[in-house]
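Working notes, beginning with the structure itself.
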Amino acid sequence: MDSVLLPVTLDELSVLSRRAATVIERLRERVFAPGTQKQLDLRFNVRTAAEMVGRSEKAIRDAEGDGRLPSPDKDEDTGRRRGYSLADIARMREVFGTLPHRAPDDPPLVLAVQNFKGGVGKSTIVTHLAQYFALKGYRVCIIDCDSQASSTAVFGLNPDVDVDEEEDTLYPFLRHGGPKTLHYALRATYWPGIAIIPANLGLYDAEYEFAARMARDPAFILDRLREGVESIADQFDIILLDPPPALGMLSLSVLRAANALLVPAPPNNIDFASTAHFLKMLEATLAELARHGGERQYSFVKILTSKMNEQKSAHQAIKRMMDAVFPQDMLMAVLKDSAEIDNASANLMTVYEMTGAATRTETHKRCRAYLDAVGREVELLARKTWPSHHRDLRKEGLL
């Protein structure tokens, strides 16, 4: 005989919440254990360094010989070169004048990776794009606007321990009478060229405060993040916004602050319908923002097929439909579903920072190729917004 279902009480929900928190705590204890502070172990041989810097191997050797570049580190036991770090690559680019920075008069790319649905790969795309751009030599900032703080955790900060919502996140800036700029919240990361404004659960409370103030002070609420981004923009080429996966005040602020949008959309029925709904809501939302004096034009709005599984005929069919419906609006590159990304994410890592034997597998190489293709396409879109890059783009046949 079936037992009678009884209503779930608040106390029982509290027990569930505490158990879930215990699991998260144990996972984070493993990743953020004492002595396991994240660091970047990437090393590049001289051939790869030359390709990254845009100079010959001989030019690098000559610069080391005449003192313009330091001599490379050597292994104490073997005496062999240990390879160049990303910081070494940045130094080379500076010496040879090949840093790809925008000109001071060029607008920074403020890119929001936005969809009002969770589970579409938003934070995965933000963190991998950030690292792609850093490998290319750009100055990058991630602003984590999501209380789930996935991007924050990937960059080595424990949201529950290392981040104070009253001092380290967007929260104090978005409150009335808060700091005048966002400089207080900028943190360097273990990735040369990447800074982050972290997040934690405290940002969730901000939604209620901002919603309550919206009726009496809409301009302040909606424009505040944009003003904050502008206060730090001179330091960066690329600013990536990682918003919450829902339509709320923070998401509206992100739409107002961004000057370009990337919409991740997995090719399945539910997610495609959600993306179509998102675009319709986006149109209505931007029209409403314009009514409050905040009309926003974007350099580009592109849809990225994410979590694509070519083994599924339904995915292929929906991808063909997406290409037909949005012929000018889809990125050519596709971010395919990959166990490599899932495995890296489980350890709060990215594919770009993996080292050792794992990077020599065909699975890793394929995944890296997908990510690079997305990065290259977004990089080209960014460079097209910078007049100082137009001449080089014409030389490269890309403009």
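The chains in the structure tokens are called A, B, ... from first to last as shown; in each chain the residues are counted from 1, and the ligands are counted from 1 in the order shown.
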> Taking the backbone alone, and naming residues the way the document does, which bits of region 269-358 of chain A are helix (DSSP H, G or I) by DSSP, as a PyMOL selection string?
Replying inline: chain A and resi 269-291+313-325+339-346+351-353+356-358
>> With only C-alpha atoms as the counted atoms, please give the residues lying no more than 10 Å from Pro192 (chain A), apart from itself and same-chain residues fewer than 3 positions off, as an MDAnalysis selection string.
In response: chainID A and resid 40 85:90 131 134:135 137:140 188:189 195
Take the residues from that selection and write them out as a PDB file, in the first residue's frame, keeping C-alpha atoms.
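Final output, part.pdb:
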```pdb
ATOM      1  CA  LEU A  40      49.128  28.993 -14.711  1.00  0.00           C
ATOM      2  CA  SER A  85      55.450  31.578 -19.760  1.00  0.00           C
ATOM      3  CA  LEU A  86      52.535  33.711 -20.918  1.00  0.00           C
ATOM      4  CA  ALA A  87      54.098  36.622 -19.018  1.00  0.00           C
ATOM      5  CA  ASP A  88      57.287  36.062 -21.066  1.00  0.00           C
ATOM      6  CA  ILE A  89      55.223  36.148 -24.262  1.00  0.00           C
ATOM      7  CA  ALA A  90      53.665  39.452 -23.172  1.00  0.00           C
ATOM      8  CA  GLN A 131      41.599  33.149 -21.875  1.00  0.00           C
ATOM      9  CA  ALA A 134      44.662  36.784 -23.068  1.00  0.00           C
ATOM     10  CA  LEU A 135      46.678  34.250 -25.084  1.00  0.00           C
ATOM     11  CA  GLY A 137      47.781  39.533 -25.901  1.00  0.00           C
ATOM     12  CA  TYR A 138      44.647  41.573 -25.262  1.00  0.00           C
ATOM     13  CA  ARG A 139      43.825  43.250 -21.949  1.00  0.00           C
ATOM     14  CA  VAL A 140      40.722  41.508 -20.609  1.00  0.00           C
ATOM     15  CA  ALA A 188      44.269  40.528 -10.928  1.00  0.00           C
ATOM     16  CA  THR A 189      44.114  36.805 -11.711  1.00  0.00           C
ATOM     17  CA  ALA A 195      41.347  40.928 -14.335  1.00  0.00           C
TER      18      ALA A 195
END
```
> CA of Ile143 (chain A) and CA of Ala185 (chain A) are how many Å apart?
Replying inline: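 Rounded to one decimal, the two atoms are 9.6 Å apart.
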Which residues come within 10 Å of region 278-281 of chain A, counting only C-alpha atoms, excluding same-chain residues fewer than 5 positions away, as an mmCIF file with N, CA, C and O atoms, in the first residue's frame?
```cif
data_model
loop_
_atom_site.group_PDB
_atom_site.id
_atom_site.type_symbol
_atom_site.label_atom_id
_atom_site.label_comp_id
_atom_site.auth_asym_id
_atom_site.auth_seq_id
_atom_site.Cartn_x
_atom_site.Cartn_y
_atom_site.Cartn_z
ATOM 1 N N GLN A 114 24.798 36.514 -23.193
ATOM 2 C CA GLN A 114 23.488 36.604 -22.532
ATOM 3 C C GLN A 114 22.460 35.672 -23.143
ATOM 4 O O GLN A 114 22.329 35.566 -24.367
ATOM 5 N N ASN A 115 21.771 34.979 -22.275
ATOM 6 C CA ASN A 115 20.542 34.269 -22.599
ATOM 7 C C ASN A 115 19.797 34.156 -21.283
ATOM 8 O O ASN A 115 20.413 33.974 -20.245
ATOM 9 N N PHE A 116 18.482 34.298 -21.306
ATOM 10 C CA PHE A 116 17.728 34.278 -20.057
ATOM 11 C C PHE A 116 17.460 32.862 -19.567
ATOM 12 O O PHE A 116 16.634 32.651 -18.689
ATOM 13 N N LYS A 117 18.147 31.876 -20.134
ATOM 14 C CA LYS A 117 17.976 30.487 -19.718
ATOM 15 C C LYS A 117 19.312 29.948 -19.223
ATOM 16 O O LYS A 117 20.362 30.206 -19.806
ATOM 17 N N ALA A 246 18.559 34.895 -16.067
ATOM 18 C CA ALA A 246 17.142 35.231 -15.877
ATOM 19 C C ALA A 246 16.976 36.715 -16.138
ATOM 20 O O ALA A 246 17.935 37.496 -16.035
ATOM 21 N N LEU A 247 15.761 37.107 -16.482
ATOM 22 C CA LEU A 247 15.483 38.522 -16.708
ATOM 23 C C LEU A 247 15.212 39.182 -15.365
ATOM 24 O O LEU A 247 14.196 38.945 -14.729
ATOM 25 N N VAL A 263 24.799 35.433 -27.985
ATOM 26 C CA VAL A 263 23.690 34.652 -27.431
ATOM 27 C C VAL A 263 23.970 33.168 -27.642
ATOM 28 O O VAL A 263 23.857 32.661 -28.763
ATOM 29 N N PHE A 272 16.115 26.046 -28.243
ATOM 30 C CA PHE A 272 15.875 26.907 -29.395
ATOM 31 C C PHE A 272 14.632 27.761 -29.160
ATOM 32 O O PHE A 272 14.619 28.961 -29.457
ATOM 33 N N ALA A 273 13.590 27.151 -28.611
ATOM 34 C CA ALA A 273 12.383 27.918 -28.294
ATOM 35 C C ALA A 273 12.697 28.995 -27.261
ATOM 36 O O ALA A 273 12.204 30.120 -27.344
ATOM 37 N N LEU A 286 14.533 46.204 -24.800
ATOM 38 C CA LEU A 286 15.286 47.345 -25.321
ATOM 39 C C LEU A 286 14.356 48.500 -25.674
ATOM 40 O O LEU A 286 14.712 49.669 -25.491
ATOM 41 N N ALA A 287 13.158 48.182 -26.163
ATOM 42 C CA ALA A 287 12.190 49.238 -26.443
ATOM 43 C C ALA A 287 11.776 49.934 -25.152
ATOM 44 O O ALA A 287 11.642 51.163 -25.103
#
```
> Between CA of Thr361 (chain A) and CA of Thr124 (chain A), what is the distance, to one decimal in Å?
Replying inline: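 Atom-to-atom, CA of Thr361 (chain A) to CA of Thr124 (chain A), that is 20.9 Å.
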> Can you list, as a VMD selection string, every protein, DNA or RNA residue that comes within 8 Å of region 376-380 of chain A when you count only C-alpha atoms, leaving out same-chain residues fewer than 5 positions away?
Replying inline: chain A and resid 133 331 to 333
Can you spit out the residues from that selection as a CSV table (one decimal), in the first residue's frame, using C-alpha atoms?
```csv
chain,number,residue,atom,x,y,z
A,133,PHE,CA,42.0,36.8,-25.8
A,331,LEU,CA,28.6,32.7,-35.8
A,332,MET,CA,30.1,30.4,-38.3
A,333,ALA,CA,32.0,28.6,-35.5
```
Write out as a compact mmCIF listing (two decimals) with C-alpha atoms, in the first residue's frame the residues lying within 12 Å of region 355-358 of chain A, counting only C-alpha atoms and excluding same-chain residues fewer than 6 positions away.
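Wrote selection.txt, looks like this:
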```
# COMPACT_ATOMS: atom_id res chain seq x y z
CA GLN A 39 48.50 29.10 -10.99
CA LEU A 40 49.13 28.99 -14.71
CA ASP A 41 51.57 26.26 -15.72
CA LEU A 42 51.46 26.86 -19.47
CA ARG A 43 54.86 26.84 -21.20
CA PHE A 44 55.59 27.55 -24.86
CA GLU A 340 36.85 17.78 -22.37
CA ASN A 343 35.93 17.38 -17.27
CA ALA A 344 37.73 20.70 -17.01
CA MET A 349 39.32 24.71 -14.96
CA HIS A 364 41.59 17.71 -26.51
CA LYS A 365 42.87 18.90 -29.88
CA CYS A 367 37.90 20.68 -28.45
CA ARG A 368 40.66 23.26 -28.56
```
> For Gly54 (chain A), which residue among A:Ala103, A:Ile125, A:Val95, A:Ala149 is the nearest when counting only C-alpha atoms?
Replying inline: A:Val95
> Could you state the separation of CA of Asp242 (chain A) and CA of Val161 (chain A) in Å, given to one decimal place?
Replying inline: 20.5 Å
What's around region 307-323 of chain A at 6 Å? Count only C-alpha atoms, leave out sequence neighbours fewer than 5 positions away in its own chain, and write the answer as a JSON list (two decimals) with N, CA, C and O atoms, in the first residue's frame.
```json
[["chain", "number", "residue", "atom", "x", "y", "z"],
["A", 266, "PRO", "N", 21.94, 26.23, -27.53],
["A", 266, "PRO", "CA", 22.04, 24.81, -27.90],
["A", 266, "PRO", "C", 20.96, 24.44, -28.91],
["A", 266, "PRO", "O", 19.83, 24.94, -28.82],
["A", 267, "PRO", "N", 21.28, 23.55, -29.86],
["A", 267, "PRO", "CA", 20.31, 23.21, -30.91],
["A", 267, "PRO", "C", 19.36, 22.08, -30.51],
["A", 267, "PRO", "O", 19.37, 21.01, -31.10],
["A", 268, "ASN", "N", 18.56, 22.31, -29.49],
["A", 268, "ASN", "CA", 17.49, 21.37, -29.19],
["A", 268, "ASN", "C", 16.18, 22.15, -29.08],
["A", 268, "ASN", "O", 16.19, 23.38, -28.97],
["A", 336, "LYS", "N", 30.98, 22.73, -29.97],
["A", 336, "LYS", "CA", 30.40, 21.39, -29.88],
["A", 336, "LYS", "C", 30.45, 20.87, -28.45],
["A", 336, "LYS", "O", 31.29, 21.27, -27.65],
["A", 337, "ASP", "N", 29.51, 19.97, -28.18],
["A", 337, "ASP", "CA", 29.48, 19.32, -26.87],
["A", 337, "ASP", "C", 30.75, 18.49, -26.71],
["A", 337, "ASP", "O", 31.15, 17.76, -27.62]]
```
> What residues in region 155-398 of chain A get the DSSP label strand (DSSP E or B)? Please answer as a PyMOL selection string.
Replying inline: chain A and resi 187-188+194-197+238-242+260-265+301-308+330-336
Hey, can you spit out that residue selection with N, CA, C and O atoms as a short mmCIF file (atom, residue, chain, number, x, y, z; two decimals), in the first residue's frame?
```cif
data_model
loop_
_atom_site.label_atom_id
_atom_site.label_comp_id
_atom_site.auth_asym_id
_atom_site.auth_seq_id
_atom_site.Cartn_x
_atom_site.Cartn_y
_atom_site.Cartn_z
N ARG A 187 40.29 42.76 -9.56
CA ARG A 187 41.31 41.85 -9.02
C ARG A 187 42.12 41.26 -10.16
O ARG A 187 41.57 40.83 -11.17
N ALA A 188 43.43 41.25 -9.98
CA ALA A 188 44.27 40.53 -10.93
C ALA A 188 44.02 39.03 -10.74
O ALA A 188 43.60 38.58 -9.68
N ILE A 194 44.39 39.16 -17.56
CA ILE A 194 42.97 39.03 -17.20
C ILE A 194 42.75 39.54 -15.77
O ILE A 194 43.40 39.09 -14.83
N ALA A 195 41.82 40.48 -15.64
CA ALA A 195 41.35 40.93 -14.34
C ALA A 195 39.89 40.50 -14.19
O ALA A 195 39.21 40.22 -15.19
N ILE A 196 39.43 40.45 -12.96
CA ILE A 196 38.04 40.04 -12.73
C ILE A 196 37.41 40.89 -11.63
O ILE A 196 38.09 41.31 -10.68
N ILE A 197 36.14 41.18 -11.79
CA ILE A 197 35.32 41.69 -10.69
C ILE A 197 34.45 40.50 -10.28
O ILE A 197 33.58 40.07 -11.04
N ILE A 238 38.98 44.31 -23.99
CA ILE A 238 37.77 43.48 -23.98
C ILE A 238 37.22 43.41 -22.56
O ILE A 238 37.96 43.08 -21.63
N ILE A 239 35.94 43.71 -22.40
CA ILE A 239 35.27 43.55 -21.11
C ILE A 239 34.12 42.56 -21.34
O ILE A 239 33.24 42.80 -22.17
N LEU A 240 34.18 41.45 -20.62
CA LEU A 240 33.18 40.39 -20.78
C LEU A 240 32.23 40.40 -19.59
O LEU A 240 32.66 40.35 -18.43
N LEU A 241 30.94 40.48 -19.87
CA LEU A 241 29.92 40.51 -18.83
C LEU A 241 29.25 39.15 -18.75
O LEU A 241 28.75 38.64 -19.76
N ASP A 242 29.24 38.56 -17.55
CA ASP A 242 28.60 37.26 -17.32
C ASP A 242 27.36 37.49 -16.47
O ASP A 242 27.44 37.55 -15.24
N ALA A 260 27.89 44.99 -27.31
CA ALA A 260 27.77 43.84 -28.22
C ALA A 260 27.19 42.67 -27.43
O ALA A 260 27.38 42.57 -26.21
N LEU A 261 26.47 41.78 -28.13
CA LEU A 261 25.84 40.64 -27.47
C LEU A 261 26.22 39.35 -28.19
O LEU A 261 26.26 39.29 -29.42
N LEU A 262 26.48 38.32 -27.39
CA LEU A 262 26.67 36.97 -27.91
C LEU A 262 25.65 36.09 -27.20
O LEU A 262 25.62 36.02 -25.97
N VAL A 263 24.80 35.43 -27.98
CA VAL A 263 23.69 34.65 -27.43
C VAL A 263 23.97 33.17 -27.64
O VAL A 263 23.86 32.66 -28.76
N PRO A 264 24.36 32.43 -26.59
CA PRO A 264 24.56 30.98 -26.75
C PRO A 264 23.24 30.25 -26.85
O PRO A 264 22.31 30.52 -26.09
N ALA A 265 23.16 29.32 -27.81
CA ALA A 265 21.89 28.63 -28.06
C ALA A 265 22.15 27.18 -28.44
O ALA A 265 22.55 26.91 -29.57
N VAL A 301 25.15 41.66 -32.71
CA VAL A 301 24.40 40.67 -31.92
C VAL A 301 24.52 39.36 -32.68
O VAL A 301 24.04 39.25 -33.81
N LYS A 302 25.20 38.39 -32.10
CA LYS A 302 25.45 37.14 -32.78
C LYS A 302 24.96 35.97 -31.93
O LYS A 302 25.06 36.00 -30.69
N ILE A 303 24.45 34.95 -32.60
CA ILE A 303 24.00 33.72 -31.94
C ILE A 303 25.07 32.66 -32.12
O ILE A 303 25.55 32.44 -33.24
N LEU A 304 25.46 32.03 -31.04
CA LEU A 304 26.48 30.97 -31.07
C LEU A 304 25.81 29.63 -30.76
O LEU A 304 25.21 29.46 -29.70
N THR A 305 25.92 28.71 -31.69
CA THR A 305 25.43 27.36 -31.42
C THR A 305 26.34 26.71 -30.39
O THR A 305 27.54 26.55 -30.62
N SER A 306 25.79 26.38 -29.24
CA SER A 306 26.59 25.79 -28.16
C SER A 306 26.08 24.39 -27.85
O SER A 306 24.94 24.03 -28.17
N LYS A 307 26.95 23.59 -27.25
CA LYS A 307 26.59 22.23 -26.84
C LYS A 307 26.03 21.40 -28.00
O LYS A 307 25.10 20.62 -27.84
N MET A 308 26.62 21.59 -29.17
CA MET A 308 26.18 20.87 -30.38
C MET A 308 26.70 19.44 -30.36
O MET A 308 27.88 19.20 -30.12
N MET A 330 24.22 34.21 -37.21
CA MET A 330 24.89 33.10 -36.55
C MET A 330 26.40 33.24 -36.67
O MET A 330 26.90 33.66 -37.71
N LEU A 331 27.12 32.90 -35.63
CA LEU A 331 28.55 32.70 -35.79
C LEU A 331 28.76 31.47 -36.67
O LEU A 331 28.03 30.48 -36.56
N MET A 332 29.75 31.54 -37.53
CA MET A 332 30.08 30.36 -38.35
C MET A 332 30.61 29.24 -37.46
O MET A 332 30.32 28.07 -37.68
N ALA A 333 31.39 29.61 -36.46
CA ALA A 333 31.96 28.61 -35.55
C ALA A 333 30.87 28.02 -34.68
O ALA A 333 29.87 28.68 -34.36
N VAL A 334 31.06 26.77 -34.30
CA VAL A 334 30.11 26.04 -33.45
C VAL A 334 30.87 25.50 -32.25
O VAL A 334 31.96 24.93 -32.39
N LEU A 335 30.31 25.70 -31.05
CA LEU A 335 30.92 25.14 -29.85
C LEU A 335 30.27 23.78 -29.59
O LEU A 335 29.15 23.69 -29.10
N LYS A 336 30.98 22.73 -29.97
CA LYS A 336 30.40 21.39 -29.88
C LYS A 336 30.45 20.87 -28.45
O LYS A 336 31.29 21.27 -27.65
#
```
>> Please list as a VMD selection string every residue within 6 Å of region 167-169 of chain A, counting only C-alpha atoms and excluding residues in the same chain fewer than 2 positions away.
In response: chain A and resid 163 to 165 171 185 198 to 199
> Between A:Glu396, A:Thr9, A:Asp66, A:Arg80, which is the closest to Asn45 (chain A) once you count only C-alpha atoms?
Replying inline: A:Arg80
